[in-house]
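Asker: What follows is entry.tsv, made up of TSV, C-alpha atoms and all ligand atoms:
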```
chain	number	residue	atom	x	y	z
I	1	MET	CA	113.89	88.79	94.06
I	2	ASN	CA	113.99	90.29	97.58
I	3	PRO	CA	111.10	88.48	99.40
I	4	ASN	CA	110.30	91.59	101.46
I	5	LYS	CA	109.85	93.64	98.25
I	6	ALA	CA	107.97	90.79	96.54
I	7	LEU	CA	105.50	90.56	99.45
I	8	TRP	CA	104.43	94.20	99.14
I	9	GLU	CA	104.51	94.38	95.33
I	10	LYS	CA	102.39	91.24	95.12
I	11	GLY	CA	99.23	93.00	96.24
I	12	ASP	CA	98.07	96.55	95.96
I	13	PHE	CA	98.14	98.24	99.35
I	14	THR	CA	96.41	101.34	97.89
I	15	ARG	CA	93.14	99.38	98.14
I	16	ILE	CA	93.57	99.03	101.91
I	17	ALA	CA	95.07	102.51	102.35
I	18	ALA	CA	91.85	104.00	100.99
I	19	THR	CA	90.22	102.99	104.31
I	20	MET	CA	92.97	104.68	106.36
I	21	ARG	CA	92.91	108.28	105.11
I	22	GLU	CA	90.89	109.92	107.89
I	23	SER	CA	93.01	108.49	110.70
I	24	GLY	CA	96.14	109.29	108.67
I	25	GLU	CA	95.13	112.98	108.56
I	26	ALA	CA	94.26	113.01	112.28
I	27	LEU	CA	97.56	111.38	113.21
I	28	VAL	CA	99.60	113.87	111.16
I	29	ASP	CA	97.78	116.71	113.00
I	30	THR	CA	99.46	115.52	116.20
I	31	PHE	CA	102.98	115.81	114.73
I	32	GLY	CA	103.18	119.63	114.95
I	33	ILE	CA	104.38	119.95	111.35
I	34	THR	CA	105.30	123.41	110.05
I	35	LYS	CA	106.38	124.75	106.66
I	36	SER	CA	110.03	124.73	107.73
I	37	HIS	CA	110.05	120.97	108.40
I	38	LYS	CA	111.78	118.37	106.27
I	39	VAL	CA	109.88	115.13	106.77
I	40	LEU	CA	110.69	111.53	105.84
I	41	ASP	CA	107.82	109.03	105.57
I	42	LEU	CA	109.47	105.61	105.60
I	43	GLY	CA	107.51	102.60	104.32
I	44	CYS	CA	105.15	105.27	103.08
I	45	GLY	CA	102.91	103.16	100.84
I	46	ASP	CA	100.91	105.57	98.68
I	47	GLY	CA	101.33	108.40	101.19
I	48	THR	CA	98.64	108.11	103.87
I	49	THR	CA	101.07	110.04	106.12
I	50	ALA	CA	103.25	111.78	103.51
I	51	ILE	CA	100.43	113.56	101.66
I	52	PRO	CA	98.82	115.14	104.78
I	53	ALA	CA	102.31	116.15	105.98
I	54	ALA	CA	102.94	117.90	102.65
I	55	LYS	CA	99.48	119.53	102.78
I	56	ARG	CA	100.61	121.13	106.05
I	57	GLY	CA	103.55	122.71	104.19
I	58	ALA	CA	106.47	120.39	105.02
I	59	ASP	CA	108.99	119.30	102.42
I	60	VAL	CA	108.29	115.55	102.30
I	61	LEU	CA	110.14	112.52	100.96
I	62	GLY	CA	108.31	109.18	100.93
I	63	VAL	CA	110.49	106.06	100.74
I	64	ASP	CA	109.07	102.62	100.11
I	65	ILE	CA	110.39	99.29	98.89
I	66	ALA	CA	107.41	98.63	96.59
I	67	SER	CA	107.73	100.29	93.16
I	68	ASN	CA	103.95	100.15	92.54
I	69	LEU	CA	103.30	102.08	95.77
I	70	VAL	CA	106.01	104.65	94.99
I	71	ALA	CA	104.29	105.26	91.62
I	72	ALA	CA	100.89	105.50	93.34
I	73	GLY	CA	102.31	108.02	95.85
I	74	ASN	CA	103.79	110.20	93.11
I	75	ASN	CA	100.43	110.11	91.27
I	76	ARG	CA	98.58	111.15	94.42
I	77	ALA	CA	101.04	114.01	95.03
I	78	LYS	CA	100.36	115.20	91.46
I	79	GLU	CA	96.57	114.90	91.94
I	80	HIS	CA	96.86	117.04	95.08
I	81	ALA	CA	99.17	119.51	93.22
I	82	LEU	CA	101.81	119.01	95.92
I	83	THR	CA	105.19	119.99	94.50
I	84	ASN	CA	106.72	119.63	97.99
I	85	CYS	CA	106.15	115.85	98.15
I	86	ARG	CA	108.00	113.13	96.25
I	87	PHE	CA	108.24	109.38	96.57
I	88	GLN	CA	111.20	107.15	95.77
I	89	GLU	CA	112.10	103.49	96.07
I	90	GLY	CA	114.30	102.49	98.98
I	91	ASP	CA	114.83	99.97	101.75
I	92	ALA	CA	114.36	100.99	105.38
I	93	SER	CA	117.23	98.66	106.34
I	94	ASN	CA	119.62	100.51	104.03
I	95	MET	CA	118.61	103.93	102.72
I	96	GLN	CA	121.46	104.29	100.25
I	97	GLY	CA	121.57	107.74	98.71
I	98	VAL	CA	119.62	109.41	101.55
I	99	GLU	CA	121.95	111.86	103.28
I	100	ASP	CA	122.84	111.86	106.97
I	101	HIS	CA	120.81	114.25	109.20
I	102	ALA	CA	118.54	115.22	106.29
I	103	PHE	CA	115.21	115.33	108.18
I	104	ASP	CA	113.69	117.20	111.13
I	105	LEU	CA	111.10	114.46	111.48
I	106	SER	CA	111.32	110.84	110.33
I	107	VAL	CA	108.00	109.05	110.49
I	108	SER	CA	107.11	105.44	109.84
I	109	ILE	CA	103.51	104.40	110.35
I	110	PHE	CA	103.09	100.62	110.02
I	111	GLY	CA	105.92	100.77	107.45
I	112	ALA	CA	109.52	100.20	108.63
I	113	MET	CA	108.23	97.58	111.08
I	114	PHE	CA	107.90	95.27	108.04
I	115	ALA	CA	111.55	95.63	106.97
I	116	PRO	CA	114.01	92.88	107.88
I	117	LYS	CA	117.04	93.64	110.08
I	118	PRO	CA	115.34	95.82	112.72
I	119	PHE	CA	118.63	96.99	114.26
I	120	ASP	CA	119.69	98.33	110.84
I	121	VAL	CA	116.30	100.05	110.48
I	122	ALA	CA	116.72	101.88	113.81
I	123	LYS	CA	120.29	102.85	112.85
I	124	GLU	CA	119.15	104.18	109.47
I	125	MET	CA	116.27	106.18	110.96
I	126	VAL	CA	118.67	107.78	113.45
I	127	ARG	CA	121.29	108.41	110.74
I	128	VAL	CA	118.94	110.36	108.45
I	129	THR	CA	117.37	112.42	111.27
I	130	ARG	CA	119.16	115.59	112.36
I	131	PRO	CA	120.39	115.85	115.97
I	132	GLY	CA	117.56	117.63	117.79
I	133	GLY	CA	115.03	116.12	115.39
I	134	ARG	CA	112.40	113.47	116.07
I	135	ILE	CA	111.43	109.98	114.98
I	136	ILE	CA	107.82	108.81	115.26
I	137	MET	CA	106.80	105.23	114.58
I	138	GLY	CA	103.39	103.59	114.61
I	139	ASN	CA	103.71	99.84	115.17
I	140	TRP	CA	101.14	97.08	115.58
I	141	ILE	CA	101.31	95.24	118.90
I	142	PRO	CA	101.74	91.46	119.12
I	143	ASN	CA	98.72	89.61	120.54
I	144	ASP	CA	96.71	92.81	120.80
I	145	PRO	CA	93.04	91.88	120.45
I	146	THR	CA	92.30	94.56	117.82
I	147	LEU	CA	92.14	94.25	114.03
I	148	VAL	CA	95.57	94.26	112.42
I	149	ALA	CA	97.42	92.29	115.11
I	150	GLN	CA	94.68	89.67	114.80
I	151	ILE	CA	94.76	89.63	110.96
I	152	LEU	CA	98.52	89.05	111.08
I	153	LYS	CA	98.18	86.42	113.81
I	154	ILE	CA	95.45	84.53	111.93
I	155	SER	CA	97.35	84.85	108.63
I	156	SER	CA	100.58	83.53	110.14
I	157	ALA	CA	98.76	80.47	111.51
I	158	PHE	CA	97.97	79.48	107.89
I	159	THR	CA	101.39	80.37	106.40
I	160	PRO	CA	104.47	78.08	106.44
I	161	PRO	CA	106.96	78.94	109.22
I	162	PRO	CA	109.35	81.77	108.24
I	163	PRO	CA	113.03	81.00	107.49
I	164	GLU	CA	115.40	80.61	110.43
I	165	GLY	CA	116.60	83.94	111.77
I	166	PHE	CA	113.46	85.79	110.65
I	167	VAL	CA	112.52	88.49	113.17
I	168	SER	CA	108.78	89.06	113.42
I	169	PRO	CA	107.67	92.60	112.43
I	170	MET	CA	105.43	92.49	115.51
I	171	THR	CA	108.51	92.80	117.77
I	172	TRP	CA	108.38	96.51	116.84
I	173	GLY	CA	105.27	96.59	119.03
I	174	VAL	CA	107.24	95.50	122.12
I	175	GLU	CA	108.64	98.45	124.10
I	176	SER	CA	111.78	96.63	125.34
I	177	SER	CA	112.71	95.54	121.78
I	178	VAL	CA	112.19	99.03	120.39
I	179	THR	CA	114.30	100.55	123.18
I	180	GLU	CA	117.09	98.01	122.60
I	181	ARG	CA	117.18	98.85	118.87
I	182	PHE	CA	117.31	102.63	119.28
I	183	VAL	CA	119.82	102.42	122.15
I	184	ALA	CA	122.05	100.30	119.88
I	185	ALA	CA	121.70	103.11	117.32
I	186	GLY	CA	123.11	105.57	119.87
I	187	VAL	CA	119.94	107.09	121.37
I	188	PRO	CA	119.78	107.36	125.20
I	189	ALA	CA	116.91	105.22	126.56
I	190	GLY	CA	115.43	108.31	128.25
I	191	ASN	CA	114.85	109.88	124.81
I	192	ILE	CA	112.45	107.10	123.80
I	193	SER	CA	108.81	107.21	124.85
I	194	PHE	CA	105.73	105.15	124.16
I	195	ALA	CA	101.97	105.62	124.06
I	196	ARG	CA	98.99	103.54	122.96
I	197	ASP	CA	97.00	105.14	120.17
I	198	THR	CA	94.11	104.18	117.91
I	199	PHE	CA	93.90	104.06	114.12
I	200	THR	CA	90.47	103.56	112.57
I	201	PHE	CA	89.79	101.70	109.32
I	202	ASP	CA	86.72	103.18	107.66
I	203	SER	CA	85.15	101.67	104.57
I	204	PRO	CA	81.94	101.98	102.54
I	205	ASP	CA	82.17	98.18	102.13
I	206	SER	CA	80.70	95.55	104.43
I	207	PRO	CA	83.04	93.60	106.77
I	208	GLU	CA	82.84	90.60	104.40
I	209	GLU	CA	83.75	92.80	101.40
I	210	LEU	CA	86.65	94.29	103.36
I	211	VAL	CA	87.95	90.78	104.07
I	212	GLY	CA	87.84	90.32	100.27
I	213	LEU	CA	90.09	93.38	99.85
I	214	PHE	CA	92.64	91.99	102.31
I	215	LYS	CA	92.44	88.58	100.60
I	216	ASN	CA	93.10	90.05	97.15
I	217	TYR	CA	95.39	93.02	97.87
I	218	TYR	CA	97.20	92.74	101.25
I	219	GLY	CA	100.44	90.75	100.80
I	220	PRO	CA	100.48	88.90	104.16
I	221	THR	CA	96.82	87.83	103.79
I	222	MET	CA	97.32	86.90	100.12
I	223	ASN	CA	100.18	84.59	101.13
I	224	ALA	CA	98.05	83.05	103.89
I	225	PHE	CA	95.22	82.29	101.42
I	226	GLU	CA	97.68	80.82	98.91
I	227	ALA	CA	99.08	78.47	101.57
I	228	ALA	CA	95.62	77.67	102.98
I	229	GLU	CA	94.30	76.80	99.49
I	230	LYS	CA	97.11	74.27	99.04
I	231	ASN	CA	96.02	72.60	102.30
I	232	GLY	CA	92.29	72.82	101.59
I	233	ARG	CA	91.91	75.31	104.48
I	234	ALA	CA	90.97	78.49	102.60
I	235	GLY	CA	87.35	78.30	103.81
I	236	GLU	CA	88.54	78.06	107.42
I	237	LEU	CA	90.77	81.13	106.99
I	238	GLN	CA	87.93	83.07	105.33
I	239	ASP	CA	85.59	82.21	108.26
I	240	HIS	CA	88.16	83.30	110.87
I	241	LEU	CA	88.71	86.63	109.14
I	242	GLU	CA	85.00	87.31	108.54
I	243	ASP	CA	84.28	86.59	112.23
I	244	LEU	CA	87.05	88.96	113.22
I	245	PHE	CA	85.91	91.81	110.96
I	246	LYS	CA	82.24	91.40	111.92
I	247	THR	CA	82.84	91.31	115.67
I	248	GLN	CA	85.17	94.32	115.52
I	249	ASN	CA	82.88	96.42	113.32
I	250	ARG	CA	81.62	99.49	115.20
I	251	ASN	CA	79.55	100.91	112.33
I	252	SER	CA	75.82	100.95	113.11
I	253	ARG	CA	75.18	99.95	109.46
I	254	LYS	CA	76.06	96.36	108.69
I	255	ASP	CA	76.89	97.21	105.05
I	256	ARG	CA	79.70	99.59	106.08
I	257	THR	CA	82.77	99.00	108.20
I	258	THR	CA	84.43	101.11	110.91
I	259	ILE	CA	87.07	99.29	112.92
I	260	PRO	CA	89.40	100.91	115.47
I	261	ALA	CA	92.79	99.27	115.96
I	262	THR	CA	95.30	99.89	118.75
I	263	PHE	CA	98.94	100.61	117.95
I	264	LEU	CA	102.14	101.51	119.79
I	265	ARG	CA	103.24	105.06	119.13
I	266	VAL	CA	107.00	105.39	119.52
I	267	SER	CA	108.60	108.84	119.88
I	268	VAL	CA	112.36	109.26	119.78
I	269	ALA	CA	114.23	112.50	120.43
I	270	VAL	CA	117.41	112.24	118.38
M	1	LIG	C1	101.10	98.20	105.96
M	1	LIG	S1	101.84	99.14	104.67
M	1	LIG	C2	101.74	100.80	105.35
M	1	LIG	C3	101.93	101.89	104.34
M	1	LIG	C4	101.77	103.32	104.84
M	1	LIG	N1	102.76	103.68	105.84
M	1	LIG	C5	100.37	103.55	105.35
M	1	LIG	O1	100.21	103.79	106.57
M	1	LIG	O2	99.44	103.49	104.54
M	1	LIG	C6	103.56	98.70	104.85
M	1	LIG	C7	104.45	99.43	103.90
M	1	LIG	O3	105.81	99.20	104.24
M	1	LIG	C8	106.53	99.04	103.04
M	1	LIG	N2	107.77	98.30	103.34
M	1	LIG	C9	107.87	96.99	103.71
M	1	LIG	N3	109.17	96.66	103.86
M	1	LIG	C10	109.90	97.79	103.57
M	1	LIG	C11	111.29	98.08	103.55
M	1	LIG	N4	112.22	97.16	103.81
M	1	LIG	N5	111.68	99.34	103.23
M	1	LIG	C12	110.77	100.28	102.90
M	1	LIG	N6	109.44	100.06	102.90
M	1	LIG	C13	109.00	98.83	103.24
M	1	LIG	C14	105.57	98.28	102.15
M	1	LIG	O4	105.91	98.31	100.80
M	1	LIG	C15	104.26	98.99	102.46
M	1	LIG	O5	104.06	100.11	101.65
```
Give the structure from this file in structure tokens form.
Answerer:
Amino acid sequence: MNPNKALWEKGDFTRIAATMRESGEALVDTFGITKSHKVLDLGCGDGTTAIPAAKRGADVLGVDIASNLVAAGNNRAKEHALTNCRFQEGDASNMQGVEDHAFDLSVSIFGAMFAPKPFDVAKEMVRVTRPGGRIIMGNWIPNDPTLVAQILKISSAFTPPPPEGFVSPMTWGVESSVTERFVAAGVPAGNISFARDTFTFDSPDSPEELVGLFKNYYGPTMNAFEAAEKNGRAGELQDHLEDLFKTQNRNSRKDRTTIPATFLRVSVAV
């Protein structure tokens, strides 16, 4: 089994994605989507980006490596009566069957960054985007003090070291690495731009309950707990995460959670 696929099928990212809908809608509003656009959402999960893009009239394809999330995306498209939005299984490192230059806009929000072989990912995103089209990525930033970078940092401290040659997904949050990858895919460096942006996780659950969701449904945190349990360190991991979620919570009610997280927004003119 492909370990990248296994990681995301292990949990159920829909449980986390439920806290991301409002920011997903707001982010899509900044894309300038029109009815004439063909949009790819790569590493789409259950469609936090794809569904709002389709609601704005674009013809949308969501591609994700996890079959459970593809099914969840197709169910959500049906629930929203969106006939212009479909989801299919695929790997960002090799989008076999997806035609060259098929999209006006290829988007990947916290998605393709988790695929192995980052140079292949950049090449594939450029290949499927039409000349004159755009690529937009949202990537978490290594060592950033906000939520997701810290969850991944804490989780990795409890997980066995990755195999040799593994490239951290967080390198997609480093401007020089991103530039190198898209330049290798044939894009002039001047066509690549960067901005810091904020994505807010909003949940009716308390910070402690939200940690529980990550523990039970978010692949990287599930793996960290599994490894920590073997070493008798699960309590320590739980405490680190609860501290993090509580100190980052901006909701005035302690039984609800609102946590802003900073990400790197990458825009590429193809
Ligand atoms: C953190 S989730 C984000 C999902 C979605 N973009 C969102 O914002 O809700 C990461 C997603 O990337 C997908 N993914 C990971 N590796 C992938 C790969 N090689 N190809 C396609 N999708 C991948 C996972 O299955 C998961 O749905």
Asker: Taking (113.8, 102.7, 107.7) in the file's coordinates, which residues come within 9 Å, counting all atoms listed in the file, written as a list of chain:residue names?
Answerer: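 In the file's frame, the residues around the point are I:Asp41, I:Leu42, I:Gly43, I:Val63, I:Asp64, I:Gly90, I:Asp91, I:Ala92, I:Ser93, I:Asn94, I:Met95, I:Ser106, I:Ser108, I:Gly111, I:Ala112, I:Met113, I:Ala115, I:Pro118, I:Asp120, I:Val121, I:Ala122, I:Lys123, I:Glu124, I:Met125.
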Asker: If I take CA of Lys38 in chain I and CA of Gly24 in chain I, how far is one from the other in Å, to one decimal?
Answerer: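 These two atoms are separated by 18.2 Å.
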Asker: Which residues, written as a list in words, have at least one atom at most 7 Å from Arg256 in chain I, with all atoms listed in the file counted and residues fewer than 2 positions away on the same chain left out?
Answerer: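 In the requested form, the answer reads Ser203, Pro204, Asp205, Ser206, Pro207, Asn251, Arg253, Lys254 and Thr258 of chain I.
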Asker: Would you mind reading off the distance between atom N1 of ligand LIG 1 (chain M) and CA of Thr49 in chain I, one decimal, in Å?
Answerer: 6.6 Å
Asker: Just checking: using only C-alpha atoms and all ligand atoms, which residue out of I:Ile109, I:Val98, I:Ala50, I:Ala72 ends up closest to ligand LIG 1 (chain M)?
Answerer: I:Ile109
Asker: Using all atoms listed in the file, give me every residue within 8 Å of (100.4, 85.6, 103.6) in file coordinates, as a list in words.
Answerer: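 Looking at atoms near the point gives Ser155, Ser156, Phe158, Thr159, Gly219, Pro220, Thr221, Met222, Asn223, Ala224, Phe225, Glu226 and Ala227 of chain I.
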Asker: Between I:Thr146, I:Thr257, I:Asn2, I:Thr48, single out the one closest to ligand LIG 1 (chain M), counting all atoms listed in the file.
Answerer: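 Of all the options, I:Thr48 lies closest to ligand LIG 1 (chain M).
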Asker: May I ask which of the residues I:Glu242, I:Glu229, I:Glu99, I:Glu180 is the closest one to Gly212 in chain I, counting all atoms listed in the file?
Answerer: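 For Gly212 in chain I, the nearest of the given residues is I:Glu242.
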Asker: Point out the residue among I:Ala228, I:Leu147, I:Ile154, I:Val107 with the least atom-to-atom distance to ligand LIG 1 (chain M), counting all atoms listed in the file.
Answerer: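 Of I:Ala228, I:Leu147, I:Ile154, I:Val107, the one nearest ligand LIG 1 (chain M) is I:Val107, counting all atoms listed in the file.
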Asker: Find the residues near Thr179 in chain I: any atom within 10 Å, counting all atoms listed in the file, skip ones fewer than 2 places away on the same chain, and give them as a list in words.
Answerer: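 Once the adjacent positions are removed, what remains is Ala122, Trp172, Val174, Glu175, Ser176, Ser177, Arg181, Phe182, Val183, Ala184, Ala185, Val187, Pro188, Ala189, Gly190, Asn191, Ile192, Ser193, Phe194, Val266 and Val268 of chain I.
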Asker: Could you tell me how far CA of Glu208 in chain I sits from CA of Asn231 in chain I, in Å to one decimal place?
Answerer: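 Distance reported for this atom pair: 22.4 Å.
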Asker: Which residue out of I:Asp104, I:Asp59, I:Asp46, I:Asp197 has the minimum interatomic distance to Trp140 in chain I when all atoms listed in the file are used?
Answerer: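 Ranked by minimum distance to Trp140 in chain I, first place goes to I:Asp197.
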Asker: Please put the answer as JSON: centre and edge lengths, in Å with one decimal, of a box along x, y and z that encloses all listed atoms of ligand LIG 1 (chain M) plus 6 Å on each side.
Answerer:
```
{"center_x": 105.8, "center_y": 100.2, "center_z": 103.7, "size_x": 24.8, "size_y": 19.1, "size_z": 17.8}
```
Asker: Determine, counting all atoms listed in the file, which protein, DNA and RNA residues have an atom within 8 Å of an atom of Ile259 in chain I; residues of the same chain fewer than 6 positions away are not included. Present the result as a ChimeraX atom specification.
Answerer: /I:147,200-202,245,248-251
Asker: Go through I:Phe13, I:Trp8, I:Phe119, I:Phe199 one by one, measure the shortest atom-to-atom distance of each to Tyr217 in chain I using all atoms listed in the file, and give the residue with the smallest value.
Answerer: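 Smallest distance to Tyr217 in chain I is found for I:Phe13.
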Asker: Got a sec: who's within 12 Å of range 79-89 of chain I, counting only C-alpha atoms, leaving out chain neighbours fewer than 4 positions off, as number ranges by chain?
Answerer: I: 5, 9, 35-47, 49-75, 94-98
